Amino acid sequence: LICYVQIYDEYIAAVHADETASDKMLPLKRSIVEKDMPPVAGRLKWSEEMRKRFHPAVKKLRRIKLQKALDRPLGELVFVKNKEMLDLLQLHDETLFNEWAKDVADISTANLENPLLVRDPKTKLLTVNFSPQLVAVLREVKYLSMRDADKYPIPDKVKEIYANDD
């Protein structure tokens, strides 16, 4: 049980220490799925995986607790740390998504107003002027739309832009 408390303390400290805790907290490398995902969707996926990682262990401890084989003070501390970790992950998710959602419609609209083709004044060649920011927004929307729409409501303007992604 002391091991569980230490693990929770390390994870909680890492989340408090740095906003990019998803890179620091996993003892193993981030999964390929997360690495290939855009930043917001990847970090939300990481958070979900963290919840899944602790759920079976806590479930087993609750069963032991019911059998009264668990040391009360230390056992209770594990459950307190688990709740603290889940609350911290929830706050992480909400903050991350809200920060992304507050500016994403403006960024998307601004980038769509730029001309698609621009002529280089020196060479007179036409180049495509498709914003990397807009590509990033469209990737985020793609992955976020696969998640719980009630939990992560994508702004309507951005949904509209994604629907017209041709």
# chains A, B, ... in the order shown; residues from 1 in each chain; ligands from 1
>>> residues_around(residues="Ser145 in chain A", least_positions_apart="5", cutoff="12 Å", atoms="only C-alpha atoms", output="PyMOL selection string")
chain A and resi 41+137-140+150-156+158-159+162-163
>>> write_last_selection(atoms="all heavy atoms", output="compact mmCIF listing (two decimals), in the first residue's frame")
# COMPACT_ATOMS: atom_id res chain seq x y z
N ALA A 41 -6.29 16.41 -28.14
CA ALA A 41 -6.92 15.08 -28.14
C ALA A 41 -5.97 14.03 -27.54
O ALA A 41 -6.42 13.14 -26.82
CB ALA A 41 -7.33 14.69 -29.55
N VAL A 137 -6.28 22.51 -36.30
CA VAL A 137 -7.64 22.60 -35.76
C VAL A 137 -8.51 21.47 -36.33
O VAL A 137 -9.25 20.82 -35.60
CB VAL A 137 -8.28 23.98 -36.06
CG1 VAL A 137 -9.77 23.97 -35.81
CG2 VAL A 137 -7.60 25.05 -35.23
N LEU A 138 -8.40 21.24 -37.61
CA LEU A 138 -9.20 20.19 -38.24
C LEU A 138 -8.85 18.80 -37.70
O LEU A 138 -9.72 17.96 -37.50
CB LEU A 138 -9.05 20.24 -39.77
CG LEU A 138 -9.63 21.48 -40.43
CD1 LEU A 138 -9.28 21.50 -41.91
CD2 LEU A 138 -11.12 21.59 -40.22
N ARG A 139 -7.57 18.58 -37.44
CA ARG A 139 -7.16 17.29 -36.84
C ARG A 139 -7.71 17.14 -35.43
O ARG A 139 -8.18 16.07 -35.05
CB ARG A 139 -5.63 17.18 -36.80
CG ARG A 139 -5.02 16.89 -38.15
CD ARG A 139 -3.55 16.49 -38.06
NE ARG A 139 -3.44 15.17 -37.48
CZ ARG A 139 -2.55 14.83 -36.55
NH1 ARG A 139 -1.69 15.70 -36.10
NH2 ARG A 139 -2.51 13.60 -36.08
N GLU A 140 -7.64 18.23 -34.65
CA GLU A 140 -8.19 18.18 -33.28
C GLU A 140 -9.68 17.85 -33.33
O GLU A 140 -10.16 17.01 -32.58
CB GLU A 140 -7.99 19.51 -32.55
CG GLU A 140 -6.58 19.83 -32.17
CD GLU A 140 -6.03 19.03 -30.99
OE1 GLU A 140 -6.72 18.16 -30.43
OE2 GLU A 140 -4.87 19.29 -30.63
N ASP A 150 -20.84 15.28 -25.21
CA ASP A 150 -21.39 16.05 -24.09
C ASP A 150 -20.27 16.58 -23.19
O ASP A 150 -20.35 17.68 -22.67
CB ASP A 150 -22.34 15.18 -23.25
CG ASP A 150 -23.58 14.78 -24.02
OD1 ASP A 150 -23.97 15.53 -24.94
OD2 ASP A 150 -24.15 13.71 -23.72
N LYS A 151 -19.24 15.79 -23.03
CA LYS A 151 -18.13 16.17 -22.17
C LYS A 151 -17.23 17.21 -22.83
O LYS A 151 -16.70 18.09 -22.18
CB LYS A 151 -17.33 14.93 -21.80
CG LYS A 151 -16.34 15.14 -20.70
CD LYS A 151 -15.74 13.82 -20.28
CE LYS A 151 -14.78 14.01 -19.13
NZ LYS A 151 -14.17 12.77 -18.71
N TYR A 152 -17.05 17.07 -24.15
CA TYR A 152 -16.19 17.97 -24.90
C TYR A 152 -16.97 18.56 -26.07
O TYR A 152 -16.80 18.14 -27.21
CB TYR A 152 -14.95 17.24 -25.41
CG TYR A 152 -14.17 16.57 -24.32
CD1 TYR A 152 -14.14 15.18 -24.20
CD2 TYR A 152 -13.47 17.32 -23.38
CE1 TYR A 152 -13.44 14.56 -23.18
CE2 TYR A 152 -12.77 16.71 -22.36
CZ TYR A 152 -12.76 15.33 -22.28
OH TYR A 152 -12.05 14.73 -21.27
N PRO A 153 -17.81 19.55 -25.81
CA PRO A 153 -18.64 20.12 -26.90
C PRO A 153 -17.82 21.03 -27.81
O PRO A 153 -17.37 22.09 -27.40
CB PRO A 153 -19.72 20.90 -26.15
CG PRO A 153 -19.09 21.26 -24.84
CD PRO A 153 -18.11 20.16 -24.52
N ILE A 154 -17.64 20.61 -29.02
CA ILE A 154 -16.88 21.39 -30.00
C ILE A 154 -17.74 22.58 -30.43
O ILE A 154 -18.92 22.42 -30.70
CB ILE A 154 -16.52 20.51 -31.22
CG1 ILE A 154 -15.65 19.34 -30.73
CG2 ILE A 154 -15.82 21.31 -32.30
CD1 ILE A 154 -15.46 18.26 -31.75
N PRO A 155 -17.16 23.80 -30.47
CA PRO A 155 -17.94 24.97 -30.87
C PRO A 155 -18.60 24.78 -32.24
O PRO A 155 -18.02 24.18 -33.15
CB PRO A 155 -16.89 26.09 -30.92
CG PRO A 155 -15.80 25.64 -30.01
CD PRO A 155 -15.78 24.15 -30.12
N ASP A 156 -19.82 25.29 -32.37
CA ASP A 156 -20.61 25.10 -33.59
C ASP A 156 -19.89 25.61 -34.84
O ASP A 156 -19.93 24.98 -35.89
CB ASP A 156 -21.98 25.78 -33.46
CG ASP A 156 -22.85 25.07 -32.44
OD1 ASP A 156 -22.65 23.87 -32.21
OD2 ASP A 156 -23.75 25.73 -31.87
N VAL A 158 -16.77 25.77 -35.45
CA VAL A 158 -15.69 24.86 -35.83
C VAL A 158 -16.26 23.57 -36.42
O VAL A 158 -15.71 23.02 -37.38
CB VAL A 158 -14.80 24.55 -34.60
CG1 VAL A 158 -13.70 23.58 -34.95
CG2 VAL A 158 -14.21 25.83 -34.05
N LYS A 159 -17.38 23.10 -35.88
CA LYS A 159 -18.05 21.93 -36.47
C LYS A 159 -18.44 22.20 -37.90
O LYS A 159 -18.32 21.34 -38.78
CB LYS A 159 -19.31 21.58 -35.67
CG LYS A 159 -19.07 20.83 -34.41
CD LYS A 159 -20.43 20.46 -33.84
CE LYS A 159 -20.36 20.12 -32.39
NZ LYS A 159 -21.69 19.86 -31.81
N TYR A 162 -15.40 22.09 -40.07
CA TYR A 162 -14.98 20.69 -40.24
C TYR A 162 -15.91 19.95 -41.20
O TYR A 162 -15.45 19.14 -42.01
CB TYR A 162 -14.95 19.99 -38.88
CG TYR A 162 -14.48 18.56 -38.97
CD1 TYR A 162 -13.15 18.27 -39.22
CD2 TYR A 162 -15.37 17.50 -38.84
CE1 TYR A 162 -12.70 16.96 -39.32
CE2 TYR A 162 -14.93 16.19 -38.93
CZ TYR A 162 -13.60 15.93 -39.18
OH TYR A 162 -13.19 14.64 -39.28
N ALA A 163 -17.20 20.24 -41.14
CA ALA A 163 -18.16 19.59 -42.04
C ALA A 163 -17.89 19.96 -43.50
O ALA A 163 -18.15 19.17 -44.41
CB ALA A 163 -19.58 19.97 -41.66
>>> residues_around(residues="Ala57 in chain A", least_positions_apart="5", cutoff="12 Å", atoms="only C-alpha atoms", output="list in words")
Leu1, Cys3, Tyr4, Val5, Ile7, Tyr8, Met50, Arg51, Lys52, Arg62, Arg63, Ile64, Val78, Phe79 and Asn82 of chain A
>>> write_last_selection(atoms="all heavy atoms", output="short mmCIF file (atom, residue, chain, number, x, y, z; two decimals), in the first residue's frame")
data_model
loop_
_atom_site.label_atom_id
_atom_site.label_comp_id
_atom_site.auth_asym_id
_atom_site.auth_seq_id
_atom_site.Cartn_x
_atom_site.Cartn_y
_atom_site.Cartn_z
N LEU A 1 0.81 -1.20 0.00
CA LEU A 1 0.00 0.00 0.00
C LEU A 1 0.85 1.26 0.00
O LEU A 1 0.47 2.25 -0.61
CB LEU A 1 -0.94 0.00 1.21
CG LEU A 1 -2.04 -1.04 1.18
CD1 LEU A 1 -2.83 -1.00 2.45
CD2 LEU A 1 -2.93 -0.85 -0.01
N CYS A 3 3.45 1.59 -1.53
CA CYS A 3 3.83 1.75 -2.94
C CYS A 3 2.77 2.54 -3.70
O CYS A 3 3.09 3.42 -4.49
CB CYS A 3 4.01 0.37 -3.53
SG CYS A 3 4.91 0.34 -5.06
N TYR A 4 1.49 2.22 -3.48
CA TYR A 4 0.40 2.95 -4.13
C TYR A 4 0.43 4.42 -3.75
O TYR A 4 0.27 5.30 -4.60
CB TYR A 4 -0.96 2.36 -3.75
CG TYR A 4 -1.34 1.12 -4.50
CD1 TYR A 4 -1.39 -0.11 -3.86
CD2 TYR A 4 -1.65 1.18 -5.85
CE1 TYR A 4 -1.75 -1.25 -4.54
CE2 TYR A 4 -2.01 0.03 -6.54
CZ TYR A 4 -2.05 -1.18 -5.88
OH TYR A 4 -2.41 -2.30 -6.56
N VAL A 5 0.63 4.69 -2.49
CA VAL A 5 0.65 6.08 -2.02
C VAL A 5 1.81 6.83 -2.66
O VAL A 5 1.65 7.97 -3.12
CB VAL A 5 0.74 6.14 -0.47
CG1 VAL A 5 0.94 7.57 0.00
CG2 VAL A 5 -0.51 5.54 0.15
N ILE A 7 3.26 6.15 -5.55
CA ILE A 7 2.97 6.34 -6.97
C ILE A 7 2.00 7.51 -7.16
O ILE A 7 2.22 8.37 -8.00
CB ILE A 7 2.41 5.04 -7.58
CG1 ILE A 7 3.50 3.99 -7.67
CG2 ILE A 7 1.81 5.31 -8.95
CD1 ILE A 7 3.00 2.60 -8.02
N TYR A 8 0.94 7.53 -6.36
CA TYR A 8 -0.01 8.63 -6.44
C TYR A 8 0.68 9.97 -6.17
O TYR A 8 0.45 10.95 -6.87
CB TYR A 8 -1.17 8.45 -5.46
CG TYR A 8 -2.28 7.57 -5.97
CD1 TYR A 8 -2.64 6.42 -5.29
CD2 TYR A 8 -2.99 7.90 -7.12
CE1 TYR A 8 -3.67 5.62 -5.75
CE2 TYR A 8 -4.01 7.10 -7.59
CZ TYR A 8 -4.35 5.95 -6.89
OH TYR A 8 -5.36 5.16 -7.35
N MET A 50 -4.80 7.19 -17.90
CA MET A 50 -4.40 7.24 -16.50
C MET A 50 -5.53 6.77 -15.60
O MET A 50 -5.31 6.03 -14.64
CB MET A 50 -3.97 8.66 -16.10
CG MET A 50 -2.66 9.11 -16.70
SD MET A 50 -1.27 8.08 -16.20
CE MET A 50 -1.20 8.44 -14.47
N ARG A 51 -6.75 7.19 -15.89
CA ARG A 51 -7.90 6.74 -15.10
C ARG A 51 -8.05 5.22 -15.20
O ARG A 51 -8.30 4.55 -14.20
CB ARG A 51 -9.17 7.41 -15.59
CG ARG A 51 -9.31 8.83 -15.15
CD ARG A 51 -10.68 9.39 -15.58
NE ARG A 51 -10.67 10.83 -15.49
CZ ARG A 51 -10.23 11.66 -16.43
NH1 ARG A 51 -9.80 11.19 -17.58
NH2 ARG A 51 -10.24 12.95 -16.25
N LYS A 52 -7.89 4.70 -16.40
CA LYS A 52 -8.02 3.26 -16.60
C LYS A 52 -6.90 2.49 -15.88
O LYS A 52 -7.11 1.37 -15.43
CB LYS A 52 -7.98 2.92 -18.09
CG LYS A 52 -9.23 3.29 -18.82
CD LYS A 52 -9.11 2.93 -20.29
CE LYS A 52 -10.33 3.35 -21.07
NZ LYS A 52 -10.18 3.07 -22.51
N ARG A 62 -10.63 -1.97 -2.83
CA ARG A 62 -11.96 -1.86 -2.21
C ARG A 62 -12.47 -3.25 -1.80
O ARG A 62 -13.08 -3.39 -0.76
CB ARG A 62 -12.94 -1.20 -3.17
CG ARG A 62 -12.71 0.28 -3.33
CD ARG A 62 -13.88 0.93 -4.05
NE ARG A 62 -13.53 2.25 -4.52
CZ ARG A 62 -13.46 3.33 -3.75
NH1 ARG A 62 -13.71 3.25 -2.48
NH2 ARG A 62 -13.12 4.50 -4.27
N ARG A 63 -12.21 -4.25 -2.62
CA ARG A 63 -12.63 -5.61 -2.29
C ARG A 63 -11.90 -6.09 -1.03
O ARG A 63 -12.49 -6.69 -0.15
CB ARG A 63 -12.34 -6.53 -3.46
CG ARG A 63 -13.06 -7.83 -3.39
CD ARG A 63 -12.87 -8.64 -4.63
NE ARG A 63 -11.93 -7.96 -5.51
CZ ARG A 63 -11.57 -8.35 -6.71
NH1 ARG A 63 -12.07 -9.42 -7.20
NH2 ARG A 63 -10.72 -7.69 -7.44
N ILE A 64 -10.60 -5.80 -0.96
CA ILE A 64 -9.82 -6.17 0.22
C ILE A 64 -10.35 -5.43 1.45
O ILE A 64 -10.47 -5.99 2.53
CB ILE A 64 -8.32 -5.87 0.01
CG1 ILE A 64 -7.75 -6.79 -1.06
CG2 ILE A 64 -7.55 -6.02 1.30
CD1 ILE A 64 -6.35 -6.41 -1.50
N VAL A 78 -4.81 5.74 0.55
CA VAL A 78 -4.78 5.35 -0.86
C VAL A 78 -6.04 5.84 -1.56
O VAL A 78 -5.99 6.40 -2.65
CB VAL A 78 -4.63 3.82 -1.02
CG1 VAL A 78 -4.85 3.40 -2.47
CG2 VAL A 78 -3.26 3.38 -0.55
N PHE A 79 -7.19 5.68 -0.91
CA PHE A 79 -8.45 6.11 -1.51
C PHE A 79 -8.52 7.63 -1.62
O PHE A 79 -9.04 8.17 -2.60
CB PHE A 79 -9.65 5.56 -0.74
CG PHE A 79 -9.73 4.07 -0.79
CD1 PHE A 79 -9.68 3.32 0.38
CD2 PHE A 79 -9.82 3.40 -1.99
CE1 PHE A 79 -9.74 1.93 0.34
CE2 PHE A 79 -9.89 2.01 -2.05
CZ PHE A 79 -9.84 1.28 -0.88
N ASN A 82 -6.31 8.54 -4.51
CA ASN A 82 -6.99 8.20 -5.76
C ASN A 82 -8.00 9.27 -6.12
O ASN A 82 -8.07 9.71 -7.27
CB ASN A 82 -7.67 6.83 -5.63
CG ASN A 82 -8.38 6.43 -6.90
OD1 ASN A 82 -7.75 6.28 -7.93
ND2 ASN A 82 -9.68 6.29 -6.83
#
>>> atom_distance(atom1="CA of Thr109 in chain A", atom2="CA of Lys142 in chain A")
17.2 Å
>>> atom_distance(atom1="CA of Lys81 in chain A", atom2="CA of Leu61 in chain A")
13.0 Å
>>> decode(residues="range 104-133 of chain A", atoms="N, CA and C atoms", output="PDB file, in the first residue's frame")
ATOM      1  N   VAL A 104     -10.443  28.658 -30.652  1.00  0.00           N
ATOM      2  CA  VAL A 104     -10.374  27.864 -31.868  1.00  0.00           C
ATOM      3  C   VAL A 104     -11.275  28.405 -32.988  1.00  0.00           C
ATOM      4  N   ALA A 105     -12.435  28.914 -32.661  1.00  0.00           N
ATOM      5  CA  ALA A 105     -13.341  29.436 -33.702  1.00  0.00           C
ATOM      6  C   ALA A 105     -12.730  30.669 -34.372  1.00  0.00           C
ATOM      7  N   ASP A 106     -12.151  31.560 -33.573  1.00  0.00           N
ATOM      8  CA  ASP A 106     -11.528  32.765 -34.126  1.00  0.00           C
ATOM      9  C   ASP A 106     -10.327  32.421 -35.009  1.00  0.00           C
ATOM     10  N   ILE A 107      -9.505  31.491 -34.548  1.00  0.00           N
ATOM     11  CA  ILE A 107      -8.331  31.084 -35.323  1.00  0.00           C
ATOM     12  C   ILE A 107      -8.767  30.479 -36.656  1.00  0.00           C
ATOM     13  N   SER A 108      -9.769  29.628 -36.606  1.00  0.00           N
ATOM     14  CA  SER A 108     -10.249  28.971 -37.823  1.00  0.00           C
ATOM     15  C   SER A 108     -10.817  29.974 -38.807  1.00  0.00           C
ATOM     16  N   THR A 109     -11.649  30.860 -38.322  1.00  0.00           N
ATOM     17  CA  THR A 109     -12.278  31.854 -39.185  1.00  0.00           C
ATOM     18  C   THR A 109     -11.233  32.779 -39.798  1.00  0.00           C
ATOM     19  N   ALA A 110     -10.286  33.224 -38.992  1.00  0.00           N
ATOM     20  CA  ALA A 110      -9.234  34.119 -39.490  1.00  0.00           C
ATOM     21  C   ALA A 110      -8.415  33.451 -40.590  1.00  0.00           C
ATOM     22  N   ASN A 111      -8.101  32.180 -40.406  1.00  0.00           N
ATOM     23  CA  ASN A 111      -7.305  31.475 -41.410  1.00  0.00           C
ATOM     24  C   ASN A 111      -8.084  31.195 -42.681  1.00  0.00           C
ATOM     25  N   LEU A 112      -9.384  31.052 -42.575  1.00  0.00           N
ATOM     26  CA  LEU A 112     -10.196  30.821 -43.772  1.00  0.00           C
ATOM     27  C   LEU A 112     -10.364  32.085 -44.603  1.00  0.00           C
ATOM     28  N   GLU A 113     -10.170  33.239 -43.984  1.00  0.00           N
ATOM     29  CA  GLU A 113     -10.309  34.503 -44.707  1.00  0.00           C
ATOM     30  C   GLU A 113      -9.085  34.825 -45.558  1.00  0.00           C
ATOM     31  N   ASN A 114      -7.990  34.139 -45.327  1.00  0.00           N
ATOM     32  CA  ASN A 114      -6.782  34.366 -46.134  1.00  0.00           C
ATOM     33  C   ASN A 114      -6.980  33.771 -47.524  1.00  0.00           C
ATOM     34  N   PRO A 115      -6.358  34.380 -48.542  1.00  0.00           N
ATOM     35  CA  PRO A 115      -6.475  33.803 -49.887  1.00  0.00           C
ATOM     36  C   PRO A 115      -5.790  32.439 -49.942  1.00  0.00           C
ATOM     37  N   LEU A 116      -6.372  31.536 -50.720  1.00  0.00           N
ATOM     38  CA  LEU A 116      -5.840  30.181 -50.801  1.00  0.00           C
ATOM     39  C   LEU A 116      -4.555  30.120 -51.634  1.00  0.00           C
ATOM     40  N   LEU A 117      -4.487  30.930 -52.675  1.00  0.00           N
ATOM     41  CA  LEU A 117      -3.292  30.979 -53.505  1.00  0.00           C
ATOM     42  C   LEU A 117      -2.646  32.355 -53.389  1.00  0.00           C
ATOM     43  N   VAL A 118      -1.339  32.363 -53.270  1.00  0.00           N
ATOM     44  CA  VAL A 118      -0.599  33.633 -53.235  1.00  0.00           C
ATOM     45  C   VAL A 118       0.537  33.556 -54.246  1.00  0.00           C
ATOM     46  N   ARG A 119       0.841  34.692 -54.828  1.00  0.00           N
ATOM     47  CA  ARG A 119       1.911  34.766 -55.819  1.00  0.00           C
ATOM     48  C   ARG A 119       3.157  35.347 -55.155  1.00  0.00           C
ATOM     49  N   ASP A 120       4.256  34.650 -55.312  1.00  0.00           N
ATOM     50  CA  ASP A 120       5.532  35.131 -54.805  1.00  0.00           C
ATOM     51  C   ASP A 120       5.948  36.320 -55.654  1.00  0.00           C
ATOM     52  N   PRO A 121       6.198  37.483 -55.035  1.00  0.00           N
ATOM     53  CA  PRO A 121       6.528  38.678 -55.819  1.00  0.00           C
ATOM     54  C   PRO A 121       7.824  38.560 -56.628  1.00  0.00           C
ATOM     55  N   LYS A 122       8.782  37.791 -56.140  1.00  0.00           N
ATOM     56  CA  LYS A 122      10.054  37.673 -56.835  1.00  0.00           C
ATOM     57  C   LYS A 122       9.992  36.667 -57.988  1.00  0.00           C
ATOM     58  N   THR A 123       9.493  35.473 -57.693  1.00  0.00           N
ATOM     59  CA  THR A 123       9.502  34.418 -58.707  1.00  0.00           C
ATOM     60  C   THR A 123       8.222  34.362 -59.535  1.00  0.00           C
ATOM     61  N   LYS A 124       7.192  35.042 -59.082  1.00  0.00           N
ATOM     62  CA  LYS A 124       5.883  35.064 -59.743  1.00  0.00           C
ATOM     63  C   LYS A 124       5.185  33.693 -59.750  1.00  0.00           C
ATOM     64  N   LEU A 125       5.666  32.781 -58.906  1.00  0.00           N
ATOM     65  CA  LEU A 125       5.044  31.468 -58.805  1.00  0.00           C
ATOM     66  C   LEU A 125       3.891  31.500 -57.800  1.00  0.00           C
ATOM     67  N   LEU A 126       2.872  30.700 -58.073  1.00  0.00           N
ATOM     68  CA  LEU A 126       1.753  30.571 -57.151  1.00  0.00           C
ATOM     69  C   LEU A 126       2.066  29.484 -56.126  1.00  0.00           C
ATOM     70  N   THR A 127       1.731  29.766 -54.894  1.00  0.00           N
ATOM     71  CA  THR A 127       1.883  28.763 -53.834  1.00  0.00           C
ATOM     72  C   THR A 127       0.577  28.665 -53.058  1.00  0.00           C
ATOM     73  N   VAL A 128       0.355  27.494 -52.489  1.00  0.00           N
ATOM     74  CA  VAL A 128      -0.837  27.278 -51.679  1.00  0.00           C
ATOM     75  C   VAL A 128      -0.605  27.915 -50.317  1.00  0.00           C
ATOM     76  N   ASN A 129      -1.578  28.650 -49.863  1.00  0.00           N
ATOM     77  CA  ASN A 129      -1.487  29.370 -48.604  1.00  0.00           C
ATOM     78  C   ASN A 129      -2.436  28.737 -47.585  1.00  0.00           C
ATOM     79  N   PHE A 130      -2.287  27.428 -47.355  1.00  0.00           N
ATOM     80  CA  PHE A 130      -3.161  26.744 -46.408  1.00  0.00           C
ATOM     81  C   PHE A 130      -2.479  26.709 -45.057  1.00  0.00           C
ATOM     82  N   SER A 131      -3.100  27.324 -44.097  1.00  0.00           N
ATOM     83  CA  SER A 131      -2.503  27.529 -42.787  1.00  0.00           C
ATOM     84  C   SER A 131      -2.291  26.227 -42.010  1.00  0.00           C
ATOM     85  N   PRO A 132      -1.097  26.035 -41.460  1.00  0.00           N
ATOM     86  CA  PRO A 132      -0.859  24.872 -40.599  1.00  0.00           C
ATOM     87  C   PRO A 132      -1.757  24.907 -39.349  1.00  0.00           C
ATOM     88  N   GLN A 133      -2.097  26.117 -38.891  1.00  0.00           N
ATOM     89  CA  GLN A 133      -3.004  26.238 -37.737  1.00  0.00           C
ATOM     90  C   GLN A 133      -4.370  25.654 -38.060  1.00  0.00           C
TER      91      GLN A 133
END
